[in-house]
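Chemist: Next comes the structure file model-v2.pdb, holding PDB, C-alpha atoms and all ligand atoms.
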```
ATOM      1  CA  MET D   1     100.803 240.756 -16.567  1.00  0.00           C
ATOM      2  CA  LYS D   2     101.740 239.042 -13.399  1.00  0.00           C
ATOM      3  CA  SER D   3     101.233 235.293 -13.274  1.00  0.00           C
ATOM      4  CA  TRP D   4     101.217 232.956 -10.329  1.00  0.00           C
ATOM      5  CA  GLY D   5     103.766 230.263 -11.055  1.00  0.00           C
ATOM      6  CA  PRO D   6     104.130 227.011  -9.122  1.00  0.00           C
ATOM      7  CA  ALA D   7     107.059 228.510  -7.181  1.00  0.00           C
ATOM      8  CA  SER D   8     105.091 231.438  -5.815  1.00  0.00           C
ATOM      9  CA  ALA D   9     102.099 229.179  -4.966  1.00  0.00           C
ATOM     10  CA  LEU D  10     104.436 226.981  -2.955  1.00  0.00           C
ATOM     11  CA  SER D  11     105.904 229.946  -1.116  1.00  0.00           C
ATOM     12  CA  MET D  12     102.379 231.106  -0.259  1.00  0.00           C
ATOM     13  CA  LEU D  13     101.557 227.678   1.177  1.00  0.00           C
ATOM     14  CA  ILE D  14     104.697 227.790   3.258  1.00  0.00           C
ATOM     15  CA  ALA D  15     103.849 231.281   4.474  1.00  0.00           C
ATOM     16  CA  VAL D  16     100.320 230.131   5.472  1.00  0.00           C
ATOM     17  CA  ALA D  17     101.690 227.062   7.214  1.00  0.00           C
ATOM     18  CA  MET D  18     104.213 229.152   9.128  1.00  0.00           C
ATOM     19  CA  ALA D  19     101.518 231.606  10.167  1.00  0.00           C
ATOM     20  CA  ALA D  20      99.415 228.709  11.473  1.00  0.00           C
ATOM     21  CA  CYS D  21     102.367 227.411  13.415  1.00  0.00           C
ATOM     22  CA  SER D  22     103.209 230.752  14.958  1.00  0.00           C
ATOM     23  CA  SER D  23      99.611 231.310  16.074  1.00  0.00           C
ATOM     24  CA  ALA D  24      99.418 227.934  17.841  1.00  0.00           C
ATOM     25  CA  PRO D  25      99.757 228.256  21.647  1.00  0.00           C
ATOM     26  CA  PRO D  26     103.184 227.413  22.972  1.00  0.00           C
ATOM     27  CA  PRO D  27     103.415 223.946  24.466  1.00  0.00           C
ATOM     28  CA  ALA D  28     102.533 223.872  28.155  1.00  0.00           C
ATOM     29  CA  PRO D  29     105.563 223.724  30.377  1.00  0.00           C
ATOM     30  CA  ALA D  30     106.144 220.314  31.891  1.00  0.00           C
ATOM     31  CA  PRO D  31     104.729 220.084  35.420  1.00  0.00           C
ATOM     32  CA  PRO D  32     107.362 220.178  38.125  1.00  0.00           C
ATOM     33  CA  PRO D  33     108.363 216.718  39.280  1.00  0.00           C
ATOM     34  CA  ALA D  34     106.470 215.460  42.322  1.00  0.00           C
ATOM     35  CA  PRO D  35     108.447 215.760  45.521  1.00  0.00           C
ATOM     36  CA  PRO D  36     109.941 212.433  46.511  1.00  0.00           C
ATOM     37  CA  ALA D  37     107.884 210.477  49.021  1.00  0.00           C
ATOM     38  CA  PRO D  38     109.349 210.599  52.490  1.00  0.00           C
ATOM     39  CA  ARG D  39     111.427 207.513  52.913  1.00  0.00           C
ATOM     40  CA  VAL D  40     111.169 206.464  56.487  1.00  0.00           C
ATOM     41  CA  ASP D  41     110.815 203.054  57.965  1.00  0.00           C
ATOM     42  CA  VAL D  42     108.348 203.271  60.842  1.00  0.00           C
ATOM     43  CA  ARG D  43     109.106 200.755  63.562  1.00  0.00           C
ATOM     44  CA  GLU D  44     106.494 201.687  66.161  1.00  0.00           C
ATOM     45  CA  ALA D  45     103.657 204.070  66.910  1.00  0.00           C
ATOM     46  CA  GLN D  46     101.506 204.630  69.958  1.00  0.00           C
ATOM     47  CA  ALA D  47      98.025 205.896  70.680  1.00  0.00           C
ATOM     48  CA  VAL D  48      97.324 207.134  74.192  1.00  0.00           C
ATOM     49  CA  LEU D  49      93.562 206.964  74.529  1.00  0.00           C
ATOM     50  CA  ALA D  50      92.158 209.756  76.673  1.00  0.00           C
ATOM     51  CA  SER D  51      88.599 209.847  77.897  1.00  0.00           C
ATOM     52  CA  ALA D  52      85.987 211.678  75.850  1.00  0.00           C
ATOM     53  CA  SER D  53      82.306 212.511  76.291  1.00  0.00           C
ATOM     54  CA  GLY D  54      82.771 212.572  80.067  1.00  0.00           C
ATOM     55  CA  SER D  55      83.664 208.866  80.298  1.00  0.00           C
ATOM     56  CA  LEU D  56      86.197 207.130  82.524  1.00  0.00           C
ATOM     57  CA  VAL D  57      87.599 205.123  79.600  1.00  0.00           C
ATOM     58  CA  SER D  58      91.301 205.364  78.831  1.00  0.00           C
ATOM     59  CA  GLY D  59      94.089 203.194  77.543  1.00  0.00           C
ATOM     60  CA  LYS D  60      97.215 202.811  75.509  1.00  0.00           C
ATOM     61  CA  ILE D  61      97.822 200.920  72.278  1.00  0.00           C
ATOM     62  CA  VAL D  62     101.221 200.224  70.716  1.00  0.00           C
ATOM     63  CA  LEU D  63     101.179 199.761  66.953  1.00  0.00           C
ATOM     64  CA  THR D  64     103.828 197.918  64.975  1.00  0.00           C
ATOM     65  CA  PRO D  65     104.083 197.064  61.266  1.00  0.00           C
ATOM     66  CA  VAL D  66     103.628 193.371  60.460  1.00  0.00           C
ATOM     67  CA  ALA D  67     103.253 191.488  57.199  1.00  0.00           C
ATOM     68  CA  GLY D  68     100.015 192.625  55.558  1.00  0.00           C
ATOM     69  CA  GLY D  69      99.054 195.227  58.118  1.00  0.00           C
ATOM     70  CA  VAL D  70      99.576 196.768  61.523  1.00  0.00           C
ATOM     71  CA  ARG D  71      99.438 195.019  64.884  1.00  0.00           C
ATOM     72  CA  LEU D  72      97.671 196.762  67.767  1.00  0.00           C
ATOM     73  CA  LEU D  73      98.686 195.685  71.241  1.00  0.00           C
ATOM     74  CA  GLY D  74      97.585 197.183  74.532  1.00  0.00           C
ATOM     75  CA  GLU D  75      94.796 197.723  77.031  1.00  0.00           C
ATOM     76  CA  VAL D  76      91.716 199.845  77.408  1.00  0.00           C
ATOM     77  CA  GLY D  77      90.196 200.312  80.854  1.00  0.00           C
ATOM     78  CA  GLY D  78      87.110 201.874  82.382  1.00  0.00           C
ATOM     79  CA  LEU D  79      84.771 199.960  80.105  1.00  0.00           C
ATOM     80  CA  PRO D  80      81.457 198.410  81.210  1.00  0.00           C
ATOM     81  CA  LYS D  81      82.303 195.200  83.088  1.00  0.00           C
ATOM     82  CA  SER D  82      82.166 192.247  80.692  1.00  0.00           C
ATOM     83  CA  GLY D  83      80.895 194.678  78.065  1.00  0.00           C
ATOM     84  CA  ARG D  84      81.695 195.141  74.400  1.00  0.00           C
ATOM     85  CA  ALA D  85      82.627 198.440  72.798  1.00  0.00           C
ATOM     86  CA  GLY D  86      83.096 199.628  69.234  1.00  0.00           C
ATOM     87  CA  PHE D  87      86.700 200.353  68.247  1.00  0.00           C
ATOM     88  CA  HIS D  88      87.887 201.993  65.024  1.00  0.00           C
ATOM     89  CA  VAL D  89      90.603 203.984  63.303  1.00  0.00           C
ATOM     90  CA  HIS D  90      89.067 207.341  62.448  1.00  0.00           C
ATOM     91  CA  GLU D  91      90.343 209.479  59.607  1.00  0.00           C
ATOM     92  CA  ARG D  92      91.522 212.595  61.439  1.00  0.00           C
ATOM     93  CA  GLY D  93      94.161 212.644  64.132  1.00  0.00           C
ATOM     94  CA  ASP D  94      92.255 215.230  66.130  1.00  0.00           C
ATOM     95  CA  CYS D  95      90.822 214.298  69.517  1.00  0.00           C
ATOM     96  CA  SER D  96      90.430 217.904  70.624  1.00  0.00           C
ATOM     97  CA  SER D  97      86.656 218.110  70.848  1.00  0.00           C
ATOM     98  CA  VAL D  98      84.912 216.977  74.030  1.00  0.00           C
ATOM     99  CA  ASP D  99      82.928 214.298  72.191  1.00  0.00           C
ATOM    100  CA  ALA D 100      85.871 213.356  69.921  1.00  0.00           C
ATOM    101  CA  GLY D 101      83.765 214.296  66.917  1.00  0.00           C
ATOM    102  CA  SER D 102      86.880 216.089  65.680  1.00  0.00           C
ATOM    103  CA  ALA D 103      88.337 212.698  64.712  1.00  0.00           C
ATOM    104  CA  GLY D 104      85.884 212.533  61.818  1.00  0.00           C
ATOM    105  CA  ALA D 105      84.520 209.393  60.207  1.00  0.00           C
ATOM    106  CA  HIS D 106      86.022 205.918  60.059  1.00  0.00           C
ATOM    107  CA  PHE D 107      89.218 205.713  57.967  1.00  0.00           C
ATOM    108  CA  ASN D 108      87.797 204.645  54.624  1.00  0.00           C
ATOM    109  CA  PRO D 109      90.168 205.399  51.748  1.00  0.00           C
ATOM    110  CA  THR D 110      88.512 202.975  49.343  1.00  0.00           C
ATOM    111  CA  GLY D 111      84.900 204.113  49.734  1.00  0.00           C
ATOM    112  CA  GLN D 112      83.583 200.896  51.274  1.00  0.00           C
ATOM    113  CA  PRO D 113      80.511 200.531  53.501  1.00  0.00           C
ATOM    114  CA  HIS D 114      80.980 200.021  57.233  1.00  0.00           C
ATOM    115  CA  GLY D 115      81.249 196.353  58.138  1.00  0.00           C
ATOM    116  CA  ASN D 116      83.069 193.532  59.810  1.00  0.00           C
ATOM    117  CA  ALA D 117      86.809 193.405  59.233  1.00  0.00           C
ATOM    118  CA  LYS D 118      86.687 189.608  59.017  1.00  0.00           C
ATOM    119  CA  THR D 119      83.815 189.196  56.556  1.00  0.00           C
ATOM    120  CA  GLY D 120      82.948 191.202  53.480  1.00  0.00           C
ATOM    121  CA  PRO D 121      83.282 194.888  52.647  1.00  0.00           C
ATOM    122  CA  HIS D 122      84.344 197.195  55.458  1.00  0.00           C
ATOM    123  CA  HIS D 123      86.175 200.413  56.159  1.00  0.00           C
ATOM    124  CA  ALA D 124      89.939 200.059  56.419  1.00  0.00           C
ATOM    125  CA  GLY D 125      89.596 201.414  59.966  1.00  0.00           C
ATOM    126  CA  ASP D 126      86.995 198.883  61.148  1.00  0.00           C
ATOM    127  CA  LEU D 127      88.176 196.775  64.073  1.00  0.00           C
ATOM    128  CA  ASP D 128      86.491 194.093  66.144  1.00  0.00           C
ATOM    129  CA  ASN D 129      84.668 195.180  69.280  1.00  0.00           C
ATOM    130  CA  LEU D 130      86.704 195.478  72.438  1.00  0.00           C
ATOM    131  CA  ILE D 131      85.660 192.832  74.975  1.00  0.00           C
ATOM    132  CA  ALA D 132      86.084 193.873  78.593  1.00  0.00           C
ATOM    133  CA  ASP D 133      86.731 191.536  81.502  1.00  0.00           C
ATOM    134  CA  LEU D 134      85.085 191.608  84.922  1.00  0.00           C
ATOM    135  CA  ASP D 135      87.188 194.646  85.789  1.00  0.00           C
ATOM    136  CA  GLY D 136      86.182 196.551  82.687  1.00  0.00           C
ATOM    137  CA  VAL D 137      89.557 196.082  81.030  1.00  0.00           C
ATOM    138  CA  ALA D 138      89.915 194.972  77.400  1.00  0.00           C
ATOM    139  CA  ARG D 139      93.205 193.490  76.274  1.00  0.00           C
ATOM    140  CA  VAL D 140      93.897 194.224  72.626  1.00  0.00           C
ATOM    141  CA  ASP D 141      96.074 192.129  70.351  1.00  0.00           C
ATOM    142  CA  VAL D 142      94.830 192.333  66.797  1.00  0.00           C
ATOM    143  CA  VAL D 143      96.209 192.872  63.306  1.00  0.00           C
ATOM    144  CA  LEU D 144      94.443 195.476  61.189  1.00  0.00           C
ATOM    145  CA  ARG D 145      94.905 194.325  57.587  1.00  0.00           C
ATOM    146  CA  ASP D 146      95.729 196.437  54.530  1.00  0.00           C
ATOM    147  CA  VAL D 147      96.910 199.492  56.442  1.00  0.00           C
ATOM    148  CA  SER D 148     100.405 200.815  57.125  1.00  0.00           C
ATOM    149  CA  LEU D 149     102.430 203.083  59.355  1.00  0.00           C
ATOM    150  CA  GLY D 150     104.116 205.681  57.189  1.00  0.00           C
ATOM    151  CA  GLY D 151     103.102 204.063  53.899  1.00  0.00           C
ATOM    152  CA  PRO D 152     101.077 205.608  51.061  1.00  0.00           C
ATOM    153  CA  PRO D 153      98.354 208.011  52.238  1.00  0.00           C
ATOM    154  CA  ASN D 154      95.583 205.606  51.265  1.00  0.00           C
ATOM    155  CA  THR D 155      96.896 203.033  53.741  1.00  0.00           C
ATOM    156  CA  ASP D 156      98.729 205.120  56.329  1.00  0.00           C
ATOM    157  CA  ILE D 157      97.098 205.201  59.763  1.00  0.00           C
ATOM    158  CA  ALA D 158      99.889 207.201  61.445  1.00  0.00           C
ATOM    159  CA  GLY D 159      98.511 210.607  62.363  1.00  0.00           C
ATOM    160  CA  ARG D 160      94.939 209.303  62.448  1.00  0.00           C
ATOM    161  CA  ALA D 161      92.946 208.472  65.586  1.00  0.00           C
ATOM    162  CA  LEU D 162      91.889 205.390  67.497  1.00  0.00           C
ATOM    163  CA  VAL D 163      88.405 205.777  68.978  1.00  0.00           C
ATOM    164  CA  VAL D 164      86.509 203.670  71.542  1.00  0.00           C
ATOM    165  CA  HIS D 165      82.710 203.827  71.648  1.00  0.00           C
ATOM    166  CA  ALA D 166      80.115 203.454  74.398  1.00  0.00           C
ATOM    167  CA  ALA D 167      78.208 200.644  72.692  1.00  0.00           C
ATOM    168  CA  PRO D 168      79.088 197.555  70.647  1.00  0.00           C
ATOM    169  CA  ASP D 169      79.515 197.890  66.897  1.00  0.00           C
ATOM    170  CA  ASP D 170      76.806 195.859  65.138  1.00  0.00           C
ATOM    171  CA  TYR D 171      79.064 195.647  62.025  1.00  0.00           C
ATOM    172  CA  ARG D 172      76.039 196.478  59.849  1.00  0.00           C
ATOM    173  CA  SER D 173      74.522 199.891  60.526  1.00  0.00           C
ATOM    174  CA  GLN D 174      75.838 202.738  58.358  1.00  0.00           C
ATOM    175  CA  PRO D 175      77.990 204.637  58.594  1.00  0.00           C
ATOM    176  CA  ALA D 176      79.512 203.520  61.890  1.00  0.00           C
ATOM    177  CA  GLY D 177      77.881 200.391  63.314  1.00  0.00           C
ATOM    178  CA  ASN D 178      75.529 202.242  65.694  1.00  0.00           C
ATOM    179  CA  SER D 179      78.172 202.133  68.392  1.00  0.00           C
ATOM    180  CA  GLY D 180      77.133 205.300  70.181  1.00  0.00           C
ATOM    181  CA  ALA D 181      79.164 208.031  71.820  1.00  0.00           C
ATOM    182  CA  ARG D 182      82.932 208.283  71.478  1.00  0.00           C
ATOM    183  CA  VAL D 183      84.241 207.575  74.973  1.00  0.00           C
ATOM    184  CA  ALA D 184      87.996 207.593  74.341  1.00  0.00           C
ATOM    185  CA  CYS D 185      90.250 208.915  71.603  1.00  0.00           C
ATOM    186  CA  GLY D 186      93.972 208.895  70.908  1.00  0.00           C
ATOM    187  CA  VAL D 187      96.098 210.094  68.002  1.00  0.00           C
ATOM    188  CA  ILE D 188      98.345 207.424  66.457  1.00  0.00           C
ATOM    189  CA  ARG D 189     101.796 208.965  66.806  1.00  0.00           C
ATOM    190  CA  ILE D 190     105.024 207.537  65.411  1.00  0.00           C
ATOM    191  CA  THR D 191     107.447 206.796  68.246  1.00  0.00           C
ATOM    192  CA  HIS D 192     110.260 204.972  66.431  1.00  0.00           C
ATOM    193  CA  GLN D 193     111.326 205.449  62.836  1.00  0.00           C
ATOM    194  CA  GLN D 194     114.462 205.242  60.786  1.00  0.00           C
ATOM    195  CA  PRO D 195     115.405 206.980  57.533  1.00  0.00           C
ATOM    196  CA  LEU D 196     115.848 204.697  54.565  1.00  0.00           C
ATOM    197  CA  PRO D 197     118.805 205.072  52.190  1.00  0.00           C
ATOM    198  CA  THR D 198     117.786 207.101  49.151  1.00  0.00           C
ATOM    199  CA  ALA D 199     120.592 206.198  46.748  1.00  0.00           C
ATOM    200  CA  ALA D 200     120.021 202.466  46.630  1.00  0.00           C
ATOM    201  CA  PRO D 201     116.855 200.408  46.831  1.00  0.00           C
ATOM    202  CA  ALA D 202     115.896 199.599  50.385  1.00  0.00           C
ATOM    203  CA  THR D 203     116.956 196.257  51.656  1.00  0.00           C
ATOM    204  CA  ARG D 204     115.739 194.629  54.816  1.00  0.00           C
TER     205      ARG D 204
HETATM  206 CU    CU U   1      84.624 204.744  65.818  1.00  0.00          CU
HETATM  207 ZN    ZN U   2      83.464 201.639  59.829  1.00  0.00          ZN
END
```
Can you dump the structure from the file as C-alpha cells?
Ligand SMILES: [Cu+2]
Ligand SMILES: [Zn+2]

Modeler:
Amino acid sequence: MKSWGPASALSMLIAVAMAACSSAPPPAPAPPPAPPAPRVDVREAQAVLASASGSLVSGKIVLTPVAGGVRLLGEVGGLPKSGRAGFHVHERGDCSSVDAGSAGAHFNPTGQPHGNAKTGPHHAGDLDNLIADLDGVARVDVVLRDVSLGGPPNTDIAGRALVVHAAPDDYRSQPAGNSGARVACGVIRITHQQPLPTAAPATR
C-alpha cells in the first residue's frame, strides 16, 4: 500500500508552487527611457504680426527671456486711434486662416479661467490690452509672467501665436474677454538660440 509521507507532500507543494509561478505572466518589459529634453538656451524670438480678418493691423514683437517670464517689446500699428485692443498668446502657432481662428484658444496650460494678468486667475497667455496713440500705434513693453521660450511645454510660448483683437479685452468674459475679431496674428519664432552642454550641468 502506497502511503503519502511528509517528503512526497512537500514535493507536491513545490510542484504546485512552481506551476503557479510558471503560469504567472512574464513581467512587463521596462518602458523605453524618455528621450532627453532638447537642451537649448533661447536668447530671442520674434512674432511678425500680419493682418487678419481684413484689417490694416500689423506689427512686430521681439521676445526675450527675463527672470520669471518673457519680455515682449515692439509696436503694433493700424489700430483705432487712441483705442484699446485685446492682446493674447494663443495656443497654436497657426495664423493661416483668414480670421486667425487657426491659432486656437488662449494659451492656458493650467486650466484657468480667462482674466487679468495682474489680478487673480487668468490664462498664461493673457496680456494687457494694447493702447494705441493718436496715430493708431501701440508701443509694447511688457513681461508675461510664468511662461518661457524653449522651456517645458506647459510654459513654452515659442511656436505659439500672438493675436491682436478688434475690441478691448474686458478681462472677465469667458473664454476670451469678449475682445471681438482677430485682426492680426503672428507665430512666435525662435530667432537666436544656443545649444547647452549636455555632459555637465548648465552654468550661466
Ligand atoms: Cu486673443
Ligand atoms: Zn485668456

Chemist: Pick out the residues sitting within 10 Å of Ile131 (chain D), and hand them over as a ChimeraX atom specification; count only C-alpha atoms, and ignore anything fewer than 3 positions along from it in its own chain.

Modeler: /D:76,79-86,128,136-140,168

Chemist: Measuring atom to atom with only C-alpha atoms, identify which of D:Ile157, D:Val98, D:Leu144, D:Ala105 is nearest to Gln174 (chain D).

Modeler: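 Using only C-alpha atoms, Gln174 (chain D) sits closest to D:Ala105.
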
Chemist: So which residues are close to (87.8, 191.1, 57.8), meaning at most 9 Å away in the file's coordinates with all atoms listed in the file counted, and can you show them as a PyMOL selection string?

Modeler: chain D and resi 115-122+126-128+144-145

Chemist: When you count only C-alpha atoms and all ligand atoms, which of these residues is closest to ligand CU 1 (chain U): D:Gln193, D:Val187, D:Val163, D:Arg172?

Modeler: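 Among D:Gln193, D:Val187, D:Val163, D:Arg172, it is D:Val163 that comes nearest to ligand CU 1 (chain U).
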
Chemist: Name every residue that the PyMOL selection byres (((not hetatm)) within 10 of (chain U and resi 1)) selects in this structure, writing the answer as a PyMOL selection string with chains first and numbers rising.

Modeler: chain D and resi 85-91+100-101+103-107+125-127+161-166+169+175-185

Chemist: So which residues touch region 58-61 of chain D within 7 Å, counting all atoms listed in the file, skipping near sequence neighbours fewer than 3 positions away, as a PyMOL selection string?

Modeler: chain D and resi 46-51+72-78+184

Chemist: Could you work out how far CA of Ala45 (chain D) lies from CA of His114 (chain D), giving the answer in Å with one decimal?

Modeler: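 Result for CA of His114 (chain D) versus CA of Ala45 (chain D): 25.0 Å, one decimal.
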
Chemist: In terms of the shortest atom-to-atom distance over only C-alpha atoms and all ligand atoms, which of D:Val62, D:Val42, D:Cys95, D:Ala124 is closest to ligand ZN 2 (chain U)?

Modeler: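 Going through D:Val62, D:Val42, D:Cys95, D:Ala124 one by one, the smallest distance to ligand ZN 2 (chain U) is for D:Ala124.
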
Chemist: CA of Leu63 (chain D) and CA of Leu149 (chain D) are how many Å apart?

Modeler: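 Separation between CA of Leu63 (chain D) and CA of Leu149 (chain D): 8.4 Å.
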
Chemist: Near Pro152 (chain D), within 12 Å and counting all atoms listed in the file, which residues show up once chain neighbours fewer than 2 positions away are dropped, as JSON, numbers by chain?

Modeler: {"D": [37, 38, 39, 40, 109, 146, 147, 148, 149, 150, 154, 155, 156, 157, 158]}
